[in-house]
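Just query_9.cif here, mmCIF, N, CA and C atoms:
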data_work
loop_
_atom_site.label_atom_id
_atom_site.label_comp_id
_atom_site.auth_asym_id
_atom_site.auth_seq_id
_atom_site.Cartn_x
_atom_site.Cartn_y
_atom_site.Cartn_z
N MET A 1 0.84 -1.17 0.00
CA MET A 1 0.00 0.00 0.00
C MET A 1 0.89 1.23 0.00
N ARG A 2 0.46 2.21 -0.78
CA ARG A 2 1.07 3.54 -0.76
C ARG A 2 -0.08 4.54 -0.79
N HIS A 3 0.22 5.83 -0.81
CA HIS A 3 -0.84 6.84 -0.81
C HIS A 3 -0.60 7.88 -1.90
N ASP A 4 -1.66 8.25 -2.60
CA ASP A 4 -1.65 9.40 -3.49
C ASP A 4 -2.18 10.58 -2.70
N THR A 5 -1.57 11.74 -2.88
CA THR A 5 -2.04 12.94 -2.20
C THR A 5 -2.80 13.80 -3.20
N ARG A 6 -3.99 14.19 -2.84
CA ARG A 6 -4.82 15.07 -3.67
C ARG A 6 -5.29 16.23 -2.82
N ARG A 7 -5.47 17.36 -3.44
CA ARG A 7 -5.95 18.54 -2.73
C ARG A 7 -7.27 19.00 -3.35
N ASP A 8 -8.17 19.47 -2.47
CA ASP A 8 -9.43 20.00 -2.99
C ASP A 8 -9.23 21.47 -3.36
N ASP A 9 -10.30 22.14 -3.73
CA ASP A 9 -10.22 23.54 -4.17
C ASP A 9 -9.72 24.47 -3.08
N ASP A 10 -9.95 24.10 -1.81
CA ASP A 10 -9.51 24.93 -0.68
C ASP A 10 -8.07 24.64 -0.28
N GLY A 11 -7.46 23.64 -0.91
CA GLY A 11 -6.09 23.28 -0.57
C GLY A 11 -5.97 22.22 0.50
N THR A 12 -7.12 21.69 0.96
CA THR A 12 -7.08 20.63 1.97
C THR A 12 -6.51 19.36 1.35
N LYS A 13 -5.58 18.73 2.06
CA LYS A 13 -4.91 17.54 1.55
C LYS A 13 -5.67 16.28 1.96
N TYR A 14 -5.87 15.39 0.98
CA TYR A 14 -6.51 14.10 1.22
C TYR A 14 -5.59 13.00 0.72
N LEU A 15 -5.47 11.96 1.52
CA LEU A 15 -4.64 10.82 1.17
C LEU A 15 -5.53 9.68 0.68
N HIS A 16 -5.22 9.19 -0.52
CA HIS A 16 -5.96 8.09 -1.12
C HIS A 16 -5.03 6.88 -1.20
N PRO A 17 -5.35 5.79 -0.51
CA PRO A 17 -4.48 4.63 -0.58
C PRO A 17 -4.50 4.01 -1.97
N VAL A 18 -3.35 3.56 -2.40
CA VAL A 18 -3.21 2.82 -3.65
C VAL A 18 -2.81 1.40 -3.28
N VAL A 19 -3.60 0.44 -3.70
CA VAL A 19 -3.34 -0.95 -3.34
C VAL A 19 -2.99 -1.76 -4.58
N THR A 20 -2.20 -2.78 -4.35
CA THR A 20 -1.79 -3.70 -5.40
C THR A 20 -2.15 -5.11 -4.97
N TRP A 21 -2.75 -5.87 -5.88
CA TRP A 21 -3.09 -7.25 -5.59
C TRP A 21 -3.06 -8.06 -6.88
N THR A 22 -3.06 -9.35 -6.71
CA THR A 22 -3.10 -10.28 -7.85
C THR A 22 -4.43 -11.00 -7.81
N THR A 23 -5.14 -10.96 -8.94
CA THR A 23 -6.45 -11.61 -9.01
C THR A 23 -6.27 -13.13 -9.02
N GLN A 24 -7.36 -13.84 -8.86
CA GLN A 24 -7.30 -15.31 -8.84
C GLN A 24 -6.81 -15.88 -10.16
N ASP A 25 -7.05 -15.14 -11.27
CA ASP A 25 -6.57 -15.63 -12.57
C ASP A 25 -5.17 -15.12 -12.91
N GLY A 26 -4.49 -14.49 -11.93
CA GLY A 26 -3.08 -14.12 -12.11
C GLY A 26 -2.81 -12.71 -12.61
N ARG A 27 -3.84 -11.88 -12.78
CA ARG A 27 -3.62 -10.50 -13.23
C ARG A 27 -3.17 -9.63 -12.07
N ASP A 28 -2.16 -8.79 -12.33
CA ASP A 28 -1.72 -7.83 -11.33
C ASP A 28 -2.54 -6.56 -11.47
N CYS A 29 -3.04 -6.04 -10.36
CA CYS A 29 -3.87 -4.84 -10.34
C CYS A 29 -3.29 -3.84 -9.36
N THR A 30 -3.28 -2.58 -9.75
CA THR A 30 -2.91 -1.47 -8.86
C THR A 30 -3.91 -0.35 -9.10
N HIS A 31 -4.64 0.00 -8.05
CA HIS A 31 -5.68 1.03 -8.19
C HIS A 31 -5.74 1.89 -6.94
N PRO A 32 -6.00 3.21 -7.11
CA PRO A 32 -6.21 4.08 -5.94
C PRO A 32 -7.66 4.01 -5.48
N SER A 33 -7.86 4.19 -4.20
CA SER A 33 -9.21 4.26 -3.64
C SER A 33 -9.84 5.59 -4.02
N SER A 34 -11.15 5.58 -4.22
CA SER A 34 -11.84 6.84 -4.50
C SER A 34 -12.10 7.64 -3.22
N PHE A 35 -11.93 6.99 -2.06
CA PHE A 35 -12.13 7.65 -0.78
C PHE A 35 -10.80 8.16 -0.24
N GLY A 36 -10.74 9.44 0.05
CA GLY A 36 -9.55 10.02 0.65
C GLY A 36 -9.85 10.49 2.06
N ARG A 37 -8.82 10.54 2.87
CA ARG A 37 -8.95 11.00 4.25
C ARG A 37 -7.80 11.95 4.55
N GLY A 38 -8.01 12.82 5.52
CA GLY A 38 -6.98 13.76 5.92
C GLY A 38 -5.88 13.12 6.74
N LYS A 39 -6.24 12.08 7.48
CA LYS A 39 -5.26 11.36 8.31
C LYS A 39 -5.38 9.88 8.03
N ILE A 40 -4.28 9.19 8.18
CA ILE A 40 -4.24 7.75 7.94
C ILE A 40 -4.48 7.01 9.25
N PRO A 41 -5.55 6.20 9.34
CA PRO A 41 -5.78 5.42 10.55
C PRO A 41 -4.72 4.34 10.72
N HIS A 42 -4.56 3.88 11.94
CA HIS A 42 -3.60 2.81 12.24
C HIS A 42 -3.92 1.58 11.38
N GLY A 43 -2.90 1.02 10.79
CA GLY A 43 -3.07 -0.18 9.97
C GLY A 43 -3.15 0.08 8.49
N TYR A 44 -3.20 1.35 8.10
CA TYR A 44 -3.31 1.69 6.68
C TYR A 44 -2.12 2.51 6.19
N GLY A 45 -1.00 2.37 6.87
CA GLY A 45 0.21 3.09 6.49
C GLY A 45 0.88 2.47 5.28
N ILE A 46 1.88 3.18 4.78
CA ILE A 46 2.62 2.73 3.61
C ILE A 46 3.27 1.39 3.92
N GLY A 47 3.10 0.44 3.00
CA GLY A 47 3.69 -0.88 3.14
C GLY A 47 2.84 -1.89 3.90
N ASN A 48 1.75 -1.45 4.52
CA ASN A 48 0.90 -2.37 5.27
C ASN A 48 0.13 -3.29 4.32
N SER A 49 -0.21 -4.47 4.80
CA SER A 49 -1.08 -5.38 4.06
C SER A 49 -2.51 -5.13 4.49
N VAL A 50 -3.41 -5.10 3.52
CA VAL A 50 -4.83 -4.88 3.79
C VAL A 50 -5.63 -5.90 3.00
N THR A 51 -6.89 -6.05 3.36
CA THR A 51 -7.80 -6.94 2.63
C THR A 51 -8.51 -6.15 1.55
N VAL A 52 -8.44 -6.66 0.33
CA VAL A 52 -9.10 -6.02 -0.81
C VAL A 52 -10.18 -6.96 -1.33
N LEU A 53 -11.40 -6.47 -1.42
CA LEU A 53 -12.50 -7.21 -2.03
C LEU A 53 -12.69 -6.63 -3.42
N TYR A 54 -12.78 -7.48 -4.44
CA TYR A 54 -12.89 -6.96 -5.80
C TYR A 54 -13.85 -7.80 -6.62
N ASP A 55 -14.33 -7.20 -7.70
CA ASP A 55 -15.19 -7.88 -8.66
C ASP A 55 -14.26 -8.62 -9.62
N ALA A 56 -14.36 -9.94 -9.67
CA ALA A 56 -13.46 -10.75 -10.50
C ALA A 56 -13.60 -10.40 -11.99
N LYS A 57 -14.78 -9.97 -12.41
CA LYS A 57 -14.98 -9.60 -13.82
C LYS A 57 -14.47 -8.20 -14.13
N ASN A 58 -14.42 -7.34 -13.11
CA ASN A 58 -13.98 -5.96 -13.30
C ASN A 58 -13.20 -5.53 -12.06
N PRO A 59 -11.89 -5.81 -12.01
CA PRO A 59 -11.11 -5.50 -10.81
C PRO A 59 -11.03 -4.01 -10.47
N HIS A 60 -11.45 -3.13 -11.39
CA HIS A 60 -11.50 -1.70 -11.06
C HIS A 60 -12.55 -1.44 -9.98
N ARG A 61 -13.49 -2.36 -9.85
CA ARG A 61 -14.50 -2.27 -8.79
C ARG A 61 -13.97 -3.02 -7.59
N PHE A 62 -13.49 -2.28 -6.61
CA PHE A 62 -12.89 -2.92 -5.44
C PHE A 62 -13.17 -2.10 -4.20
N GLU A 63 -12.94 -2.72 -3.07
CA GLU A 63 -13.12 -2.08 -1.77
C GLU A 63 -11.97 -2.48 -0.88
N ILE A 64 -11.39 -1.51 -0.19
CA ILE A 64 -10.37 -1.78 0.79
C ILE A 64 -11.11 -1.97 2.11
N ARG A 65 -11.08 -3.18 2.63
CA ARG A 65 -11.84 -3.50 3.84
C ARG A 65 -11.42 -2.58 4.99
N GLY A 66 -12.40 -1.88 5.56
CA GLY A 66 -12.14 -0.99 6.68
C GLY A 66 -11.81 0.44 6.27
N TRP A 67 -11.44 0.67 5.03
CA TRP A 67 -11.11 2.03 4.57
C TRP A 67 -12.29 2.61 3.79
N ASP A 68 -12.66 1.91 2.74
CA ASP A 68 -13.75 2.39 1.90
C ASP A 68 -15.07 2.23 2.64
N ASN A 69 -15.95 3.15 2.40
CA ASN A 69 -17.25 3.12 3.05
C ASN A 69 -18.32 3.23 1.97
N PRO A 70 -18.70 2.10 1.37
CA PRO A 70 -19.67 2.16 0.29
C PRO A 70 -21.04 2.65 0.73
N SER A 71 -21.30 2.70 2.03
CA SER A 71 -22.61 3.20 2.48
C SER A 71 -22.77 4.69 2.17
N ILE A 72 -21.66 5.39 1.92
CA ILE A 72 -21.77 6.81 1.56
C ILE A 72 -22.56 6.97 0.26
N TYR A 73 -22.41 6.01 -0.67
CA TYR A 73 -23.18 6.06 -1.91
C TYR A 73 -24.67 5.90 -1.61
N LEU A 74 -25.01 5.05 -0.67
CA LEU A 74 -26.40 4.86 -0.28
C LEU A 74 -26.96 6.13 0.35
N ILE A 75 -26.17 6.77 1.19
CA ILE A 75 -26.61 8.01 1.84
C ILE A 75 -26.92 9.08 0.79
N PHE A 76 -26.01 9.26 -0.18
CA PHE A 76 -26.23 10.27 -1.21
C PHE A 76 -27.40 9.90 -2.12
N THR A 77 -27.60 8.62 -2.37
CA THR A 77 -28.74 8.19 -3.18
C THR A 77 -30.05 8.49 -2.48
N VAL A 78 -30.12 8.17 -1.19
CA VAL A 78 -31.34 8.45 -0.42
C VAL A 78 -31.57 9.95 -0.32
N LEU A 79 -30.52 10.71 -0.06
CA LEU A 79 -30.65 12.17 0.03
C LEU A 79 -31.13 12.76 -1.30
N GLY A 80 -30.54 12.31 -2.40
CA GLY A 80 -30.95 12.81 -3.72
C GLY A 80 -32.38 12.45 -4.05
N THR A 81 -32.77 11.22 -3.72
CA THR A 81 -34.15 10.78 -3.96
C THR A 81 -35.13 11.60 -3.13
N THR A 82 -34.79 11.86 -1.88
CA THR A 82 -35.65 12.65 -1.00
C THR A 82 -35.81 14.07 -1.53
N LEU A 83 -34.72 14.69 -1.93
CA LEU A 83 -34.79 16.06 -2.47
C LEU A 83 -35.58 16.10 -3.77
N THR A 84 -35.38 15.11 -4.63
CA THR A 84 -36.12 15.06 -5.89
C THR A 84 -37.61 14.88 -5.63
N ALA A 85 -37.97 13.97 -4.73
CA ALA A 85 -39.38 13.74 -4.41
C ALA A 85 -40.00 15.00 -3.80
N GLY A 86 -39.27 15.67 -2.93
CA GLY A 86 -39.78 16.91 -2.33
C GLY A 86 -40.01 17.98 -3.38
N THR A 87 -39.07 18.14 -4.29
CA THR A 87 -39.21 19.14 -5.35
C THR A 87 -40.38 18.81 -6.26
N LEU A 88 -40.51 17.55 -6.63
CA LEU A 88 -41.64 17.16 -7.49
C LEU A 88 -42.97 17.36 -6.78
N SER A 89 -43.02 17.11 -5.48
CA SER A 89 -44.25 17.33 -4.72
C SER A 89 -44.64 18.80 -4.71
N VAL A 90 -43.66 19.66 -4.49
CA VAL A 90 -43.93 21.10 -4.49
C VAL A 90 -44.41 21.55 -5.86
N LEU A 91 -43.76 21.08 -6.92
CA LEU A 91 -44.19 21.45 -8.28
C LEU A 91 -45.58 20.93 -8.59
N LEU A 92 -45.88 19.72 -8.14
CA LEU A 92 -47.21 19.16 -8.38
C LEU A 92 -48.28 19.97 -7.64
N VAL A 93 -48.01 20.36 -6.41
CA VAL A 93 -48.96 21.19 -5.66
C VAL A 93 -49.14 22.52 -6.35
N LEU A 94 -48.07 23.14 -6.79
CA LEU A 94 -48.17 24.44 -7.47
C LEU A 94 -48.96 24.32 -8.77
N LEU A 95 -48.75 23.25 -9.51
CA LEU A 95 -49.47 23.08 -10.77
C LEU A 95 -50.95 22.80 -10.56
N THR A 96 -51.30 22.11 -9.50
CA THR A 96 -52.71 21.76 -9.28
C THR A 96 -53.48 22.86 -8.57
N THR A 97 -52.81 23.80 -7.93
CA THR A 97 -53.52 24.85 -7.19
C THR A 97 -53.61 26.16 -7.98
N THR A 98 -52.96 26.24 -9.10
CA THR A 98 -53.04 27.50 -9.87
C THR A 98 -53.97 27.38 -11.03
#
Could I get this file's structure written as structure tokens?
Amino acid sequence: MRHDTRRDDDGTKYLHPVVTWTTQDGRDCTHPSSFGRGKIPHGYGIGNSVTVLYDAKNPHRFEIRGWDNPSIYLIFTVLGTTLTAGTLSVLLVLLTTT
């Protein structure tokens, strides 16, 4: 494991772990995580071994066990759905009352 450093528009630094693994069919894969953090938790330092879960058909789809938090996608999906439903409700009320 190593880390890529990325900065947001405000200059805040985020560290994205880059992991390397070999798939069951012998392909070598090296990919950075899409999740970055400002500080590295214990156990995720450079050179550490971590557990990687990946899609055997598409190794670009992977998760670093304990680092990646796929529930964030669920949170944003629910939030987006809620906002869309609320907006459509308001528009429907406005259209039916005028």
Atom N of Leu74 in chain A to atom N of Ser89 in chain A, straight-line distance in Å: 22.2 Å
Give the strand (DSSP E) residues of range 15-92 of chain A, as assigned by DSSP on the backbone, as an mmCIF file with N, CA and C atoms, keeping the file's coordinate frame.
data_model
loop_
_atom_site.group_PDB
_atom_site.id
_atom_site.type_symbol
_atom_site.label_atom_id
_atom_site.label_comp_id
_atom_site.auth_asym_id
_atom_site.auth_seq_id
_atom_site.Cartn_x
_atom_site.Cartn_y
_atom_site.Cartn_z
ATOM 1 N N LEU A 15 -5.470 11.960 1.520
ATOM 2 C CA LEU A 15 -4.640 10.820 1.170
ATOM 3 C C LEU A 15 -5.530 9.680 0.680
ATOM 4 N N HIS A 16 -5.220 9.190 -0.520
ATOM 5 C CA HIS A 16 -5.960 8.090 -1.120
ATOM 6 C C HIS A 16 -5.030 6.880 -1.200
ATOM 7 N N PRO A 17 -5.350 5.790 -0.510
ATOM 8 C CA PRO A 17 -4.480 4.630 -0.580
ATOM 9 C C PRO A 17 -4.500 4.010 -1.970
ATOM 10 N N VAL A 18 -3.350 3.560 -2.400
ATOM 11 C CA VAL A 18 -3.210 2.820 -3.650
ATOM 12 C C VAL A 18 -2.810 1.400 -3.280
ATOM 13 N N VAL A 19 -3.600 0.440 -3.700
ATOM 14 C CA VAL A 19 -3.340 -0.950 -3.340
ATOM 15 C C VAL A 19 -2.990 -1.760 -4.580
ATOM 16 N N THR A 20 -2.200 -2.780 -4.350
ATOM 17 C CA THR A 20 -1.790 -3.700 -5.400
ATOM 18 C C THR A 20 -2.150 -5.110 -4.970
ATOM 19 N N TRP A 21 -2.750 -5.870 -5.880
ATOM 20 C CA TRP A 21 -3.090 -7.250 -5.590
ATOM 21 C C TRP A 21 -3.060 -8.060 -6.880
ATOM 22 N N THR A 22 -3.060 -9.350 -6.710
ATOM 23 C CA THR A 22 -3.100 -10.280 -7.850
ATOM 24 C C THR A 22 -4.430 -11.000 -7.810
ATOM 25 N N ASP A 28 -2.160 -8.790 -12.330
ATOM 26 C CA ASP A 28 -1.720 -7.830 -11.330
ATOM 27 C C ASP A 28 -2.540 -6.560 -11.470
ATOM 28 N N CYS A 29 -3.040 -6.040 -10.360
ATOM 29 C CA CYS A 29 -3.870 -4.840 -10.340
ATOM 30 C C CYS A 29 -3.290 -3.840 -9.360
ATOM 31 N N THR A 30 -3.280 -2.580 -9.750
ATOM 32 C CA THR A 30 -2.910 -1.470 -8.860
ATOM 33 C C THR A 30 -3.910 -0.350 -9.100
ATOM 34 N N HIS A 31 -4.640 0.000 -8.050
ATOM 35 C CA HIS A 31 -5.680 1.030 -8.190
ATOM 36 C C HIS A 31 -5.740 1.890 -6.940
ATOM 37 N N PRO A 32 -6.000 3.210 -7.110
ATOM 38 C CA PRO A 32 -6.210 4.080 -5.940
ATOM 39 C C PRO A 32 -7.660 4.010 -5.480
ATOM 40 N N VAL A 52 -8.440 -6.660 0.330
ATOM 41 C CA VAL A 52 -9.100 -6.020 -0.810
ATOM 42 C C VAL A 52 -10.180 -6.960 -1.330
ATOM 43 N N LEU A 53 -11.400 -6.470 -1.420
ATOM 44 C CA LEU A 53 -12.500 -7.210 -2.030
ATOM 45 C C LEU A 53 -12.690 -6.630 -3.420
ATOM 46 N N TYR A 54 -12.780 -7.480 -4.440
ATOM 47 C CA TYR A 54 -12.890 -6.960 -5.800
ATOM 48 C C TYR A 54 -13.850 -7.800 -6.620
ATOM 49 N N ASP A 55 -14.330 -7.200 -7.700
ATOM 50 C CA ASP A 55 -15.190 -7.880 -8.660
ATOM 51 C C ASP A 55 -14.260 -8.620 -9.620
ATOM 52 N N ASN A 58 -14.420 -7.340 -13.110
ATOM 53 C CA ASN A 58 -13.980 -5.960 -13.300
ATOM 54 C C ASN A 58 -13.200 -5.530 -12.060
ATOM 55 N N PRO A 59 -11.890 -5.810 -12.010
ATOM 56 C CA PRO A 59 -11.110 -5.500 -10.810
ATOM 57 C C PRO A 59 -11.030 -4.010 -10.470
ATOM 58 N N HIS A 60 -11.450 -3.130 -11.390
ATOM 59 C CA HIS A 60 -11.500 -1.700 -11.060
ATOM 60 C C HIS A 60 -12.550 -1.440 -9.980
ATOM 61 N N ARG A 61 -13.490 -2.360 -9.850
ATOM 62 C CA ARG A 61 -14.500 -2.270 -8.790
ATOM 63 C C ARG A 61 -13.970 -3.020 -7.590
ATOM 64 N N PHE A 62 -13.490 -2.280 -6.610
ATOM 65 C CA PHE A 62 -12.890 -2.920 -5.440
ATOM 66 C C PHE A 62 -13.170 -2.100 -4.200
ATOM 67 N N GLU A 63 -12.940 -2.720 -3.070
ATOM 68 C CA GLU A 63 -13.120 -2.080 -1.770
ATOM 69 C C GLU A 63 -11.970 -2.480 -0.880
ATOM 70 N N ILE A 64 -11.390 -1.510 -0.190
ATOM 71 C CA ILE A 64 -10.370 -1.780 0.790
ATOM 72 C C ILE A 64 -11.110 -1.970 2.110
#
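As for CA of Ser49 in chain A and CA of Met1 in chain A, they are spaced 6.8 Å apart.
Against the coordinates shown, the PyMOL selection byres ((chain A and resi 36) around 6) returns Tyr14, Leu15, His16, Ser33, Ser34, Phe35, Arg37 and Gly38 of chain A.
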Selection near Pro17 in chain A, 5 Å with all atoms listed in the file, sequence-local residues under 6 positions removed, as a tab-separated table (two decimals) with N, CA and C atoms, keeping the file's coordinate frame:
chain	number	residue	atom	x	y	z
A	2	ARG	N	0.46	2.21	-0.78
A	2	ARG	CA	1.07	3.54	-0.76
A	2	ARG	C	-0.08	4.54	-0.79
A	3	HIS	N	0.22	5.83	-0.81
A	3	HIS	CA	-0.84	6.84	-0.81
A	3	HIS	C	-0.60	7.88	-1.90
A	4	ASP	N	-1.66	8.25	-2.60
A	4	ASP	CA	-1.65	9.40	-3.49
A	4	ASP	C	-2.18	10.58	-2.70
A	32	PRO	N	-6.00	3.21	-7.11
A	32	PRO	CA	-6.21	4.08	-5.94
A	32	PRO	C	-7.66	4.01	-5.48
A	33	SER	N	-7.86	4.19	-4.20
A	33	SER	CA	-9.21	4.26	-3.64
A	33	SER	C	-9.84	5.59	-4.02
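Residues of chain A carrying a DSSP assignment of alpha helix (DSSP H), computed from the backbone, are Ser71, Ile72, Tyr73, Leu74, Ile75, Phe76, Thr77, Val78, Leu79, Gly80, Thr81, Thr82, Leu83, Thr84, Ala85, Gly86, Thr87, Leu88, Ser89, Val90, Leu91, Leu92, Val93, Leu94, Leu95, Thr96 and Thr97 of chain A.
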Give me range 23-33 of chain A with all heavy atoms filled in, as a PDB file, in the coordinates of the input.
ATOM      1  N   THR A  23      -5.140 -10.960  -8.940  1.00  0.00           N
ATOM      2  CA  THR A  23      -6.450 -11.610  -9.010  1.00  0.00           C
ATOM      3  C   THR A  23      -6.270 -13.130  -9.020  1.00  0.00           C
ATOM      4  O   THR A  23      -5.162 -13.637  -9.209  1.00  0.00           O
ATOM      5  CB  THR A  23      -7.206 -11.170 -10.276  1.00  0.00           C
ATOM      6  OG1 THR A  23      -6.463 -11.586 -11.424  1.00  0.00           O
ATOM      7  CG2 THR A  23      -7.429  -9.672 -10.303  1.00  0.00           C
ATOM      8  N   GLN A  24      -7.360 -13.840  -8.860  1.00  0.00           N
ATOM      9  CA  GLN A  24      -7.300 -15.310  -8.840  1.00  0.00           C
ATOM     10  C   GLN A  24      -6.810 -15.880 -10.160  1.00  0.00           C
ATOM     11  O   GLN A  24      -6.214 -16.945 -10.196  1.00  0.00           O
ATOM     12  CB  GLN A  24      -8.675 -15.885  -8.503  1.00  0.00           C
ATOM     13  CG  GLN A  24      -9.067 -15.650  -7.070  1.00  0.00           C
ATOM     14  CD  GLN A  24     -10.425 -16.234  -6.742  1.00  0.00           C
ATOM     15  OE1 GLN A  24     -11.230 -16.504  -7.620  1.00  0.00           O
ATOM     16  NE2 GLN A  24     -10.689 -16.416  -5.458  1.00  0.00           N
ATOM     17  N   ASP A  25      -7.050 -15.140 -11.270  1.00  0.00           N
ATOM     18  CA  ASP A  25      -6.570 -15.630 -12.570  1.00  0.00           C
ATOM     19  C   ASP A  25      -5.170 -15.120 -12.910  1.00  0.00           C
ATOM     20  O   ASP A  25      -4.704 -15.253 -14.035  1.00  0.00           O
ATOM     21  CB  ASP A  25      -7.572 -15.308 -13.676  1.00  0.00           C
ATOM     22  CG  ASP A  25      -7.798 -13.813 -13.872  1.00  0.00           C
ATOM     23  OD1 ASP A  25      -7.177 -13.004 -13.148  1.00  0.00           O
ATOM     24  OD2 ASP A  25      -8.599 -13.451 -14.756  1.00  0.00           O
ATOM     25  N   GLY A  26      -4.490 -14.490 -11.930  1.00  0.00           N
ATOM     26  CA  GLY A  26      -3.080 -14.120 -12.110  1.00  0.00           C
ATOM     27  C   GLY A  26      -2.810 -12.710 -12.610  1.00  0.00           C
ATOM     28  O   GLY A  26      -1.653 -12.351 -12.832  1.00  0.00           O
ATOM     29  N   ARG A  27      -3.840 -11.880 -12.780  1.00  0.00           N
ATOM     30  CA  ARG A  27      -3.620 -10.500 -13.230  1.00  0.00           C
ATOM     31  C   ARG A  27      -3.170  -9.630 -12.070  1.00  0.00           C
ATOM     32  O   ARG A  27      -3.717  -9.714 -10.975  1.00  0.00           O
ATOM     33  CB  ARG A  27      -4.910  -9.910 -13.821  1.00  0.00           C
ATOM     34  CG  ARG A  27      -5.330 -10.544 -15.124  1.00  0.00           C
ATOM     35  CD  ARG A  27      -6.589  -9.899 -15.668  1.00  0.00           C
ATOM     36  NE  ARG A  27      -7.727 -10.351 -14.852  1.00  0.00           N
ATOM     37  CZ  ARG A  27      -8.931  -9.800 -14.883  1.00  0.00           C
ATOM     38  NH1 ARG A  27      -9.179  -8.761 -15.641  1.00  0.00           N
ATOM     39  NH2 ARG A  27      -9.896 -10.275 -14.120  1.00  0.00           N
ATOM     40  N   ASP A  28      -2.160  -8.790 -12.330  1.00  0.00           N
ATOM     41  CA  ASP A  28      -1.720  -7.830 -11.330  1.00  0.00           C
ATOM     42  C   ASP A  28      -2.540  -6.560 -11.470  1.00  0.00           C
ATOM     43  O   ASP A  28      -2.735  -6.054 -12.578  1.00  0.00           O
ATOM     44  CB  ASP A  28      -0.235  -7.495 -11.506  1.00  0.00           C
ATOM     45  CG  ASP A  28       0.663  -8.665 -11.139  1.00  0.00           C
ATOM     46  OD1 ASP A  28       0.277  -9.439 -10.247  1.00  0.00           O
ATOM     47  OD2 ASP A  28       1.737  -8.802 -11.746  1.00  0.00           O
ATOM     48  N   CYS A  29      -3.040  -6.040 -10.360  1.00  0.00           N
ATOM     49  CA  CYS A  29      -3.870  -4.840 -10.340  1.00  0.00           C
ATOM     50  C   CYS A  29      -3.290  -3.840  -9.360  1.00  0.00           C
ATOM     51  O   CYS A  29      -2.882  -4.207  -8.256  1.00  0.00           O
ATOM     52  CB  CYS A  29      -5.301  -5.181  -9.926  1.00  0.00           C
ATOM     53  SG  CYS A  29      -6.138  -6.317 -11.032  1.00  0.00           S
ATOM     54  N   THR A  30      -3.280  -2.580  -9.750  1.00  0.00           N
ATOM     55  CA  THR A  30      -2.910  -1.470  -8.860  1.00  0.00           C
ATOM     56  C   THR A  30      -3.910  -0.350  -9.100  1.00  0.00           C
ATOM     57  O   THR A  30      -4.019   0.153 -10.220  1.00  0.00           O
ATOM     58  CB  THR A  30      -1.476  -0.974  -9.166  1.00  0.00           C
ATOM     59  OG1 THR A  30      -0.569  -2.051  -8.982  1.00  0.00           O
ATOM     60  CG2 THR A  30      -1.102   0.178  -8.255  1.00  0.00           C
ATOM     61  N   HIS A  31      -4.640   0.000  -8.050  1.00  0.00           N
ATOM     62  CA  HIS A  31      -5.680   1.030  -8.190  1.00  0.00           C
ATOM     63  C   HIS A  31      -5.740   1.890  -6.940  1.00  0.00           C
ATOM     64  O   HIS A  31      -5.601   1.386  -5.824  1.00  0.00           O
ATOM     65  CB  HIS A  31      -7.050   0.400  -8.405  1.00  0.00           C
ATOM     66  CG  HIS A  31      -7.149  -0.435  -9.636  1.00  0.00           C
ATOM     67  ND1 HIS A  31      -7.071   0.094 -10.897  1.00  0.00           N
ATOM     68  CD2 HIS A  31      -7.290  -1.774  -9.797  1.00  0.00           C
ATOM     69  CE1 HIS A  31      -7.182  -0.879 -11.777  1.00  0.00           C
ATOM     70  NE2 HIS A  31      -7.309  -2.026 -11.131  1.00  0.00           N
ATOM     71  N   PRO A  32      -6.000   3.210  -7.110  1.00  0.00           N
ATOM     72  CA  PRO A  32      -6.210   4.080  -5.940  1.00  0.00           C
ATOM     73  C   PRO A  32      -7.660   4.010  -5.480  1.00  0.00           C
ATOM     74  O   PRO A  32      -8.572   3.809  -6.277  1.00  0.00           O
ATOM     75  CB  PRO A  32      -5.883   5.466  -6.480  1.00  0.00           C
ATOM     76  CG  PRO A  32      -6.232   5.384  -7.935  1.00  0.00           C
ATOM     77  CD  PRO A  32      -5.937   3.970  -8.356  1.00  0.00           C
ATOM     78  N   SER A  33      -7.860   4.190  -4.200  1.00  0.00           N
ATOM     79  CA  SER A  33      -9.210   4.260  -3.640  1.00  0.00           C
ATOM     80  C   SER A  33      -9.840   5.590  -4.020  1.00  0.00           C
ATOM     81  O   SER A  33      -9.165   6.605  -4.120  1.00  0.00           O
ATOM     82  CB  SER A  33      -9.161   4.133  -2.121  1.00  0.00           C
ATOM     83  OG  SER A  33     -10.435   4.352  -1.569  1.00  0.00           O
TER      84      SER A  33
END
